[in-house]
Each structure stands twice: as C-alpha cells, then as structure tokens.
Amino acid sequence: MKNIHRSIYSLLLTGLLMLSGLPCFSQQNREQIIRPGQLWPDDKGVHINAHGGGILYHNGKYYWFGEHKGGKSNSAFVGVTCYSSDDLYNWKNEGVALPVSEDRSSPIVKGCIIERPKVIYNENTKKFVMYFHLELKGKGYAAANVGIAVSDNAVGPYRFIKNSRVNAGKWPVNMTTEQQTSTIKSTDFKDWWTPEWHKAVDDGLFTRRDFAVGQMSRDMTLYVDDDGKAYHIYASEENLTLQIAELTDDYLGYTGKYIRIEPGGHNEAPAVFKKYGRYFMITSGCTGWAPNAARLLTAGNIWGPWTLHPNPCVGKDAELTFHSQSTYVLPVAGKKDAFIFMGDRWTPKDPIDGRYIWLPILFENGMPVLKWMDGWNLDIFDHINADNAIPKDIQGWDLVWNDEFDKDGKPDSNVWSYENGFVRNQELQWYQPDNAVCKNGVLNIQGRREQVKNPAYEPGSSDWRRNREYAGYTSSSIKTVEKKEFRYGRFEIRAKIPTATGSWPAIWTLGTSMEWPSNGEIDLMEYYLVGGKPHILANTAWGTDKRYDAKWDSEIIPFTNFTDKDPFWADKFHVWRMDWDADAIRLYIDDVMVNETLLKDTQNGSIGKNMNPFRQPHYILLNLAIGGNGGTPDDNAFPLTYEIDYVRVYQKAE
C-alpha cells in the first residue's frame, strides 16, 4: 500500500508541476546546464528566491545568499535566504539564514529593506560574516546603512550585531587636504548636474557632508584578497561615487582606510574579481529598477588608481546588460581563472519572479567580455582558458619537444626567431618582435593598429615592400627555423584565434631545403576570407615545373560549420593537430580529421628536382597576418590577439 500511495503522490506532484509551468525533475537527474533568464527551481521545485545575492564557497560546497522577495513588495518580510549546492546547477533550500525581527525597535524589523547580502568566512575566528545594505523601515532610502550579522555555521542562523554608516570621522586616503578643508556645501547649489556641481562632487562635496556621521552605503559587495584582507565595496555619496573600505582582521568593522572611485560617475551594483594579479570591477549606472549598460573598472592595486572602460557586454541587448544588473562575480572552485558573472533581472511589479542572469566571463585582449548564452555549463571554462596540465602521454608516441609558454616575457630565443618588416602576400602588417609576448602560460601575438615607418621605403618602387612609406598595422611572426626542425611526428598546437575581419592567423610548417613551394608547405590552420566569407583551411602545397607555382591539396571549411554548432567557438581554445609519417599527412581540428594528403602524390616538379618535400625536416611558424586574404581590417576590433597555449611534438616510440 505504501508504494501505491507513493506512486499516486508522485503522479499528483508531477501534474501540479506541469500546471505551474515549472519543469519536472529529480535533483539527482537534472540536466547540468545553466539557463540565464529562465525559472530556476530548487530541490522543492520552487523558483530560487535569493535576489541581489552572493555566493560563498566553503568546504567543497557553494552557499547562495540573497534577498527573499515577495509577490508585491521589495521590502524584507522574511529576511535573507540561503541555498546550497555541490555543482552550481542544483540548489537545496537551506531556509532563512537571517530572519527579520518582530521587534519594532530592531533595525531589521519586518518591513525594512535588506539588499545585496554577501557572506565571507574568517579563517582566524572561524565565523561566517554577513554584510548587507540596510534601509530602516519607513525611511525610504535615507538611512543608507550597512548591516552586519555573524554565524558559526554557513547556513545560519545569523545573529544581527550592528548597523551604521561607514567610517565616521575618517577621510578617504585619496582625498587631498584641500578637498577635505573646502568650505563648499551641498546647500550652496540650487541646481544639481551643472558643471560647477559636478566639480564640487568630484572634490568631495558629499564626503565632507557625511564626514561626521559616516559615509552612505547602498549597493554593495565584499571581496577577500589573496592575503586574507577583506574589503567592503559600496555605492556612496548619493550613489554618485563608489568607495572601497578595508575591514578589520575579524571582518566585523573598519580599519578607517578607504578610497573613493569614479567620483560623480553614478555607479552602483559593484562586483569585483581578480585575475592575473589585476583587479576588475563590473558596475552599472543608476536607473532605478530599469536596466542599463554595464561599466568596467580595472586597477593594478586594490587601492587604485582605478580606470574606467566601456561596457564589457557585446551583442544584442548589450546596452541593457541583457536586461540585468550585476550583483556578484563568482570564482569557480577547481577551475583556474574561471569566473561567473551573476546578475539580476529585476521585476518590480512581481519581485519574486526576478530571474538570474549567470554568464561565463570571457576574455579578449586581456579584458573581460560578456556574451549572451541561452544555456551553458561549466565545461566552457575548460575551453576558454589555458590548459596548465602537464603534456599528456600518448601511447606509442614520445614527446620530443614542447613549449608551454609558461615563462613570462619574450618567447624562448633558443627556440624561436622572428620575421621582420613586410614579408609576403602584400599583407598590411609590419612584423616585429614586440608584438609576441608570453604571459600566464600563453603566447599572445597581438595585431595592433599603429603606424610604423618603413626604413626601406623607395618612392615609385615596383616592389610592394619598398613603395609603402608606412605600415598601418603591426604584428608578429615567429619560427623555429634552424632551432627546432622535425621530420615526421604528431604536432599539437592549442590556440584561440582572432576572427575579426582582416585577421589571418596561421599555424604552418616549411621544409628546410629548397625555395617555396618546392620546400613543401603544411598549413595546420589558416583563417581568412574565401569569396568574402570567413573559412578555416587545412592545406599542403608542393612544387611544380613553374617557379613559385604551387600544387595544393586544400580543405576549405566555411566558418559557419563551426559556429552553427557552437556560437562561442571563436571564444574557445582548439587543438590543431598533424599526424605525419612517410605515407601521409593527416590534419585534424579537435581530433576530427579535416584533410589527408598521401605522400605518393606530392612529388615536386622539375624545379624541385622531382623530390618529395614532405620527406625532409620542417620547421614551425606561428603568425598573425593582417589584410591580404584576411580582407579589409575592421579597425574597431583592434587590438587583435592570437593566443597560443602550447606547441607539442611527438614522434613514434622506438
């Protein structure tokens, strides 16, 4: 009977879920995918109610804290909720971590405003510390307080301990004495937003006004640095200026050290992360509940100076941050340099229905980029970041040489040399060593839009290398000639290619004897325009009876073949591979063979002495050309970056 009752109950529950519009699932059997903007059910099938939240990773588990919203009000009638997860896809409702109070005299009495809760763990005190933006009941947004609570357990309950403004009686460290002692007051201005008023704000108009009572604290986040120091980052000065305040060692108060960022810039919703020793902050403008374009700030030091950059979002609805607002950036545990942008899609008419916009943070030219994805999973981070693992063992093959580019600076001069100036194909770039730099385990070949004088310039010359007085672009081409040369083997190159119009990245080899094409050319990868459309090519070429005339075996693949299957193909690293022996050259992309050339068919013509150029040693070239077959450059896309993660050469084990 119990089993029958359980079956009937399951059928009823399934029917209710279908009627409610929520997906049917069991926690153990859900698909491993994040769908931005969709309903996100918890373990009970209820849309997660943790808005404006942040995530704590502790002892192998993620804890998501956020505002509990009602159906008609953004005020706090329940408190701060907590959910836990082992995988970031499936979330268990852990209940209310910080409940509002029934005591009318409490600052967190039911009906107050609690926003943007964040929790950090203190390794020294073994306490979980929660900060949040607090507005007192019935006072609108006038209080602009920070609230602090503490717990012995990640899921709570948290005990409210205090609320206040920030750093009363303390001056920011980046505010001058002249600014501190200015007598200009906010009451001196009949009208706001005038140039004079903006100048006064920049000079600390509201900082001075609030000096005695403490600085306003609204939209906020917490950040714990590598050294364990913690910081409170918040919108202050009537939401006109961001501030960063250092916390005490127990994380329960302030040391008095703080700075102002972008005075008068009208930023809120800060979300901070760190990559390669550089600090990044994503914020939004101030447009109430309506979305706007995100902003990006960067700094080499937490104390600044911070530099403002354009919107990191690209694509449709980028100007609205995909109809969301930043709340937190989550480092993904177990994946190096993997970060998730967490945003909220506010629905003020039905707050409980607010959706979550989680997107992987991509990087282009060293800067974060956000692109819309209907659905994604954590595997994307295995493809958009460098592979720091040791080279894999391949049965039947010995690793005879590899370069992981894991030493910052110039490529290893014992292995690589450079091409210089104008070299081939009437391309637009001037090749120079400066554009090839190894950093964080990746070789970056950068194409820049910059003018370089051609020292070989000859007015009226018929040689294209000499009749150009200037090059309008620069790049790099590096090669292993006379340093690392191989006959036969398995070659693997993991790279992320630029695909903007004008880009012509390549991975290729040339034979060590005879002139081109009788020396033999193998193109593991070329990307350029064919018929005005982008294609990826895998080629071999050898000589004929006519000088500089090649016979080609080419596989020309429309780029849409890749992007139709994966719209974010170009944001990821891919492995280009060549298996080459005395019988054939086989070229692969991500282990899929795209071209096969049989060496019985590759005899040179008479100019190449009827020799086979693919039975001699070859050297490797890596380059980023601009123009030529790449097409007219899209100047708005510069600088271009071609990223090479590693080059590995295996040969048959004896």
# chains A, B, ... in the order shown; residues from 1 in each chain; ligands from 1
>>> residues_around(residues="segment 149-163 of chain A", least_positions_apart="4", cutoff="7 Å", atoms="only C-alpha atoms", output="list in words")
Cys82, Glu94, Ala97, Leu98, Lys127, Phe128, Val129, Met130, Tyr131 and Asn145 of chain A
>>> residues_around(residues="segment 548-563 of chain A", least_positions_apart="5", cutoff="8 Å", atoms="only C-alpha atoms", output="PyMOL selection string")
chain A and resi 516-518+533-543+568-570+594-595+597
>>> closest_atom_pairs(of="segment 28-120 of chain A", to="segment 348-368 of chain A", cutoff="8 Å", atoms="only C-alpha atoms", output="tab-separated table")
residue	atom	partner	partner_atom	distance
A:Ile34	CA	A:Trp358	CA	7.4
A:Arg35	CA	A:Trp358	CA	7.8
A:Pro36	CA	A:Ile357	CA	4.5
A:Gly37	CA	A:Arg355	CA	5.1
A:Gln38	CA	A:Arg355	CA	6.4
A:Leu39	CA	A:Arg355	CA	6.5
A:Trp40	CA	A:Arg355	CA	7.9
A:His47	CA	A:Asp353	CA	7.8
A:Asn49	CA	A:Ile352	CA	6.7
A:His51	CA	A:Gly354	CA	7.3
A:His68	CA	A:Ile352	CA	7.7
A:Lys69	CA	A:Ile352	CA	4.8
A:Gly70	CA	A:Ile352	CA	5.1
A:Gly71	CA	A:Asp350	CA	5.1
A:Lys72	CA	A:Asp350	CA	5.7
A:Ser73	CA	A:Pro351	CA	6.6
A:Asn74	CA	A:Pro351	CA	6.3
>>> write_last_selection(atoms="N, CA and C atoms", output="tab-separated table (two decimals), in the first residue's frame")
chain	number	residue	atom	x	y	z
A	34	ILE	N	23.11	25.73	-17.10
A	34	ILE	CA	22.62	27.00	-16.55
A	34	ILE	C	21.91	27.73	-17.67
A	35	ARG	N	20.66	28.13	-17.43
A	35	ARG	CA	19.86	28.81	-18.45
A	35	ARG	C	19.52	30.22	-17.96
A	36	PRO	N	20.31	31.22	-18.36
A	36	PRO	CA	20.06	32.60	-17.91
A	36	PRO	C	18.65	33.06	-18.26
A	37	GLY	N	18.01	33.72	-17.29
A	37	GLY	CA	16.71	34.32	-17.53
A	37	GLY	C	15.54	33.38	-17.40
A	38	GLN	N	15.81	32.08	-17.16
A	38	GLN	CA	14.72	31.12	-17.00
A	38	GLN	C	14.41	30.88	-15.53
A	39	LEU	N	13.23	30.34	-15.25
A	39	LEU	CA	12.93	29.92	-13.89
A	39	LEU	C	13.99	28.91	-13.44
A	40	TRP	N	14.44	29.04	-12.20
A	40	TRP	CA	15.49	28.16	-11.68
A	40	TRP	C	14.95	27.47	-10.43
A	47	HIS	N	10.99	28.26	-7.66
A	47	HIS	CA	11.98	29.20	-8.18
A	47	HIS	C	12.83	29.77	-7.04
A	49	ASN	N	14.72	31.92	-4.54
A	49	ASN	CA	14.38	33.26	-4.04
A	49	ASN	C	15.58	33.81	-3.28
A	51	HIS	N	17.65	36.98	-4.34
A	51	HIS	CA	17.93	38.08	-5.27
A	51	HIS	C	19.03	39.00	-4.74
A	68	HIS	N	15.10	37.60	0.08
A	68	HIS	CA	13.83	36.91	-0.12
A	68	HIS	C	12.80	37.94	-0.54
A	69	LYS	N	12.28	37.78	-1.76
A	69	LYS	CA	11.30	38.73	-2.30
A	69	LYS	C	9.89	38.19	-2.16
A	70	GLY	N	8.95	39.10	-2.03
A	70	GLY	CA	7.55	38.74	-2.05
A	70	GLY	C	6.95	39.00	-3.42
A	71	GLY	N	5.64	38.77	-3.55
A	71	GLY	CA	4.98	38.96	-4.82
A	71	GLY	C	4.63	40.40	-5.12
A	72	LYS	N	4.62	41.27	-4.11
A	72	LYS	CA	4.16	42.64	-4.34
A	72	LYS	C	5.10	43.70	-3.79
A	73	SER	N	6.13	43.29	-3.03
A	73	SER	CA	6.97	44.28	-2.37
A	73	SER	C	8.42	43.86	-2.39
A	74	ASN	N	9.32	44.85	-2.48
A	74	ASN	CA	10.75	44.60	-2.36
A	74	ASN	C	11.24	44.73	-0.93
>>> residues_around(residues="Glu427 of chain A", least_positions_apart="6", cutoff="10 Å", atoms="only C-alpha atoms", output="list in words")
Trp464, Arg465, Ala471, Tyr473, Gly502, Trp504, Ala625, Ile626, Gly627, Gly628, Asn629, Gly630 and Gly631 of chain A
>>> residues_around(residues="Asn435 of chain A", least_positions_apart="3", cutoff="8 Å", atoms="only C-alpha atoms", output="JSON list (two decimals) with all heavy atoms, in the first residue's frame")
[["chain", "number", "residue", "atom", "x", "y", "z"],
["A", 432, "GLN", "N", 57.19, 42.55, -36.25],
["A", 432, "GLN", "CA", 58.21, 43.00, -35.31],
["A", 432, "GLN", "C", 58.14, 42.14, -34.05],
["A", 432, "GLN", "O", 57.08, 41.61, -33.69],
["A", 432, "GLN", "CB", 58.02, 44.48, -34.95],
["A", 432, "GLN", "CG", 56.67, 44.79, -34.33],
["A", 432, "GLN", "CD", 56.45, 46.28, -34.10],
["A", 432, "GLN", "OE1", 57.07, 47.12, -34.72],
["A", 432, "GLN", "NE2", 55.56, 46.60, -33.16],
["A", 444, "ASN", "N", 50.92, 35.36, -26.60],
["A", 444, "ASN", "CA", 49.99, 36.31, -27.21],
["A", 444, "ASN", "C", 50.69, 36.99, -28.38],
["A", 444, "ASN", "O", 51.69, 37.68, -28.21],
["A", 444, "ASN", "CB", 49.56, 37.36, -26.20],
["A", 444, "ASN", "CG", 48.80, 36.77, -25.04],
["A", 444, "ASN", "OD1", 47.61, 36.50, -25.14],
["A", 444, "ASN", "ND2", 49.49, 36.56, -23.92],
["A", 445, "ILE", "N", 50.16, 36.78, -29.58],
["A", 445, "ILE", "CA", 50.61, 37.52, -30.75],
["A", 445, "ILE", "C", 49.54, 38.57, -31.03],
["A", 445, "ILE", "O", 48.40, 38.23, -31.32],
["A", 445, "ILE", "CB", 50.80, 36.61, -31.97],
["A", 445, "ILE", "CG1", 51.92, 35.59, -31.69],
["A", 445, "ILE", "CG2", 51.13, 37.43, -33.21],
["A", 445, "ILE", "CD1", 52.17, 34.62, -32.82],
["A", 446, "GLN", "N", 49.92, 39.81, -30.91],
["A", 446, "GLN", "CA", 48.93, 40.89, -30.99],
["A", 446, "GLN", "C", 49.06, 41.66, -32.30],
["A", 446, "GLN", "O", 50.15, 42.04, -32.71],
["A", 446, "GLN", "CB", 49.08, 41.84, -29.81],
["A", 446, "GLN", "CG", 47.90, 42.79, -29.65],
["A", 446, "GLN", "CD", 47.94, 43.52, -28.32],
["A", 446, "GLN", "OE1", 48.65, 44.51, -28.16],
["A", 446, "GLN", "NE2", 47.15, 43.04, -27.37],
["A", 447, "GLY", "N", 47.93, 41.86, -32.93],
["A", 447, "GLY", "CA", 47.85, 42.75, -34.08],
["A", 447, "GLY", "C", 47.39, 44.11, -33.63],
["A", 447, "GLY", "O", 46.35, 44.25, -32.99],
["A", 474, "THR", "N", 50.82, 46.51, -37.03],
["A", 474, "THR", "CA", 51.97, 45.70, -36.64],
["A", 474, "THR", "C", 51.48, 44.36, -36.11],
["A", 474, "THR", "O", 50.35, 44.22, -35.66],
["A", 474, "THR", "CB", 52.82, 46.39, -35.56],
["A", 474, "THR", "OG1", 52.03, 46.56, -34.37],
["A", 474, "THR", "CG2", 53.34, 47.73, -36.03],
["A", 475, "SER", "N", 52.37, 43.38, -36.18],
["A", 475, "SER", "CA", 52.07, 42.05, -35.66],
["A", 475, "SER", "C", 53.39, 41.31, -35.48],
["A", 475, "SER", "O", 54.46, 41.91, -35.57],
["A", 475, "SER", "CB", 51.13, 41.30, -36.60],
["A", 475, "SER", "OG", 50.72, 40.07, -36.02],
["A", 476, "SER", "N", 53.30, 40.00, -35.21],
["A", 476, "SER", "CA", 54.50, 39.17, -35.08],
["A", 476, "SER", "C", 54.33, 37.87, -35.83],
["A", 476, "SER", "O", 53.22, 37.34, -35.97],
["A", 476, "SER", "CB", 54.80, 38.86, -33.61],
["A", 476, "SER", "OG", 55.45, 39.93, -32.97]]
>>> atom_distance(atom1="atom CA of Tyr279 of chain A", atom2="atom CA of Ile244 of chain A")
12.7 Å
>>> closest_residue(among="A:Arg165, A:Arg648, A:Arg260, A:Lys275", to="Val575 of chain A", atoms="only C-alpha atoms")
A:Arg648
>>> select_by_dssp(residues="segment 286-511 of chain A", states="strand (DSSP E)", output="JSON, numbers by chain")
{"A": [294, 295, 296, 297, 298, 299, 307, 308, 309, 313, 314, 325, 326, 327, 328, 329, 330, 331, 339, 340, 341, 342, 343, 344, 345, 355, 356, 357, 358, 359, 360, 362, 363, 364, 367, 368, 369, 370, 371, 397, 398, 399, 400, 401, 402, 403, 417, 418, 429, 430, 431, 436, 437, 438, 439, 442, 443, 444, 445, 446, 447, 448, 449, 450, 451, 452, 453, 470, 471, 472, 473, 474, 475, 477, 478, 479, 485, 486, 489, 490, 491, 492, 493, 494, 495, 496, 503, 504, 505, 506, 507, 508, 509, 510, 511]}
>>> residues_around(residues="Pro107 of chain A", least_positions_apart="6", cutoff="12 Å", atoms="only C-alpha atoms", output="list in words")
Ala76, Val100, Ser101, Ile113, Ile114, His133, Leu134, Glu135, Leu136, Lys137, Gly138, Lys139, Ala143, Asn145, Val146, Gly147, Ile148, Phe160, Ile161, Lys162, Asn163 and Ser164 of chain A
>>> closest_residue(among="A:Thr544, A:Ser186, A:Ser461, A:Asn377", to="Ser606 of chain A", atoms="only C-alpha atoms")
A:Thr544
>>> closest_residue(among="A:Asn174, A:Tyr89, A:Asp203, A:Val415", to="Ile33 of chain A", atoms="only C-alpha atoms")
A:Tyr89
>>> atom_distance(atom1="atom CA of Gln395 of chain A", atom2="atom CA of Glu596 of chain A")
22.0 Å
>>> atom_distance(atom1="atom CA of Asp317 of chain A", atom2="atom CA of Ile384 of chain A")
22.8 Å
>>> select_by_dssp(residues="segment 203-351 of chain A", states="helix (DSSP H, G or I)", output="VMD selection string")
chain A and resid 205 to 209 318 to 320 351
>>> write_last_selection(atoms="all heavy atoms", output="tab-separated table (two decimals), in the first residue's frame")
chain	number	residue	atom	x	y	z
A	205	LEU	N	32.22	66.91	-2.21
A	205	LEU	CA	31.09	67.65	-1.64
A	205	LEU	C	30.31	66.80	-0.63
A	205	LEU	O	30.06	67.24	0.50
A	205	LEU	CB	30.16	68.10	-2.78
A	205	LEU	CG	28.91	68.88	-2.40
A	205	LEU	CD1	29.30	70.26	-1.87
A	205	LEU	CD2	27.97	69.01	-3.60
A	206	PHE	N	29.94	65.58	-1.02
A	206	PHE	CA	29.11	64.74	-0.14
A	206	PHE	C	29.96	63.96	0.86
A	206	PHE	O	29.47	63.58	1.92
A	206	PHE	CB	28.25	63.80	-0.99
A	206	PHE	CG	27.22	64.53	-1.80
A	206	PHE	CD1	27.34	64.65	-3.17
A	206	PHE	CD2	26.13	65.12	-1.17
A	206	PHE	CE1	26.40	65.33	-3.91
A	206	PHE	CE2	25.17	65.80	-1.91
A	206	PHE	CZ	25.30	65.92	-3.28
A	207	THR	N	31.20	63.75	0.55
A	207	THR	CA	32.11	63.13	1.52
A	207	THR	C	32.24	64.02	2.74
A	207	THR	O	32.19	63.54	3.89
A	207	THR	CB	33.50	62.89	0.91
A	207	THR	OG1	33.37	62.33	-0.39
A	207	THR	CG2	34.32	61.96	1.77
A	208	ARG	N	32.41	65.33	2.50
A	208	ARG	CA	32.51	66.27	3.62
A	208	ARG	C	31.18	66.36	4.37
A	208	ARG	O	31.14	66.39	5.61
A	208	ARG	CB	32.91	67.66	3.12
A	208	ARG	CG	34.32	67.74	2.57
A	208	ARG	CD	34.75	69.19	2.33
A	208	ARG	NE	33.87	69.88	1.38
A	208	ARG	CZ	34.04	69.86	0.06
A	208	ARG	NH1	35.05	69.18	-0.47
A	208	ARG	NH2	33.23	70.52	-0.74
A	209	ARG	N	30.08	66.37	3.62
A	209	ARG	CA	28.77	66.47	4.26
A	209	ARG	C	28.56	65.33	5.26
A	209	ARG	O	28.00	65.53	6.35
A	209	ARG	CB	27.67	66.44	3.19
A	209	ARG	CG	26.26	66.59	3.73
A	209	ARG	CD	25.21	66.15	2.73
A	209	ARG	NE	25.22	64.70	2.50
A	209	ARG	CZ	24.42	64.08	1.65
A	209	ARG	NH1	23.55	64.77	0.92
A	209	ARG	NH2	24.50	62.77	1.51
A	318	ALA	N	23.23	44.29	-25.33
A	318	ALA	CA	24.40	44.61	-24.51
A	318	ALA	C	24.24	45.93	-23.79
A	318	ALA	O	24.72	46.11	-22.67
A	318	ALA	CB	25.65	44.65	-25.40
A	319	GLU	N	23.55	46.89	-24.44
A	319	GLU	CA	23.36	48.21	-23.82
A	319	GLU	C	22.44	48.15	-22.61
A	319	GLU	O	22.34	49.13	-21.85
A	319	GLU	CB	22.81	49.19	-24.86
A	319	GLU	CG	21.35	49.04	-25.21
A	319	GLU	CD	21.03	47.88	-26.14
A	319	GLU	OE1	21.98	47.13	-26.52
A	319	GLU	OE2	19.84	47.71	-26.50
A	320	LEU	N	21.81	47.00	-22.37
A	320	LEU	CA	20.95	46.81	-21.20
A	320	LEU	C	21.49	45.70	-20.30
A	320	LEU	O	20.78	45.20	-19.43
A	320	LEU	CB	19.52	46.47	-21.63
A	320	LEU	CG	18.80	47.54	-22.46
A	320	LEU	CD1	17.45	47.03	-22.93
A	320	LEU	CD2	18.63	48.82	-21.64
A	351	PRO	N	8.23	41.07	-7.73
A	351	PRO	CA	9.63	40.87	-7.35
A	351	PRO	C	10.05	39.41	-7.21
A	351	PRO	O	11.19	39.06	-7.55
A	351	PRO	CB	9.74	41.60	-6.01
A	351	PRO	CG	8.67	42.65	-6.07
A	351	PRO	CD	7.55	42.02	-6.82
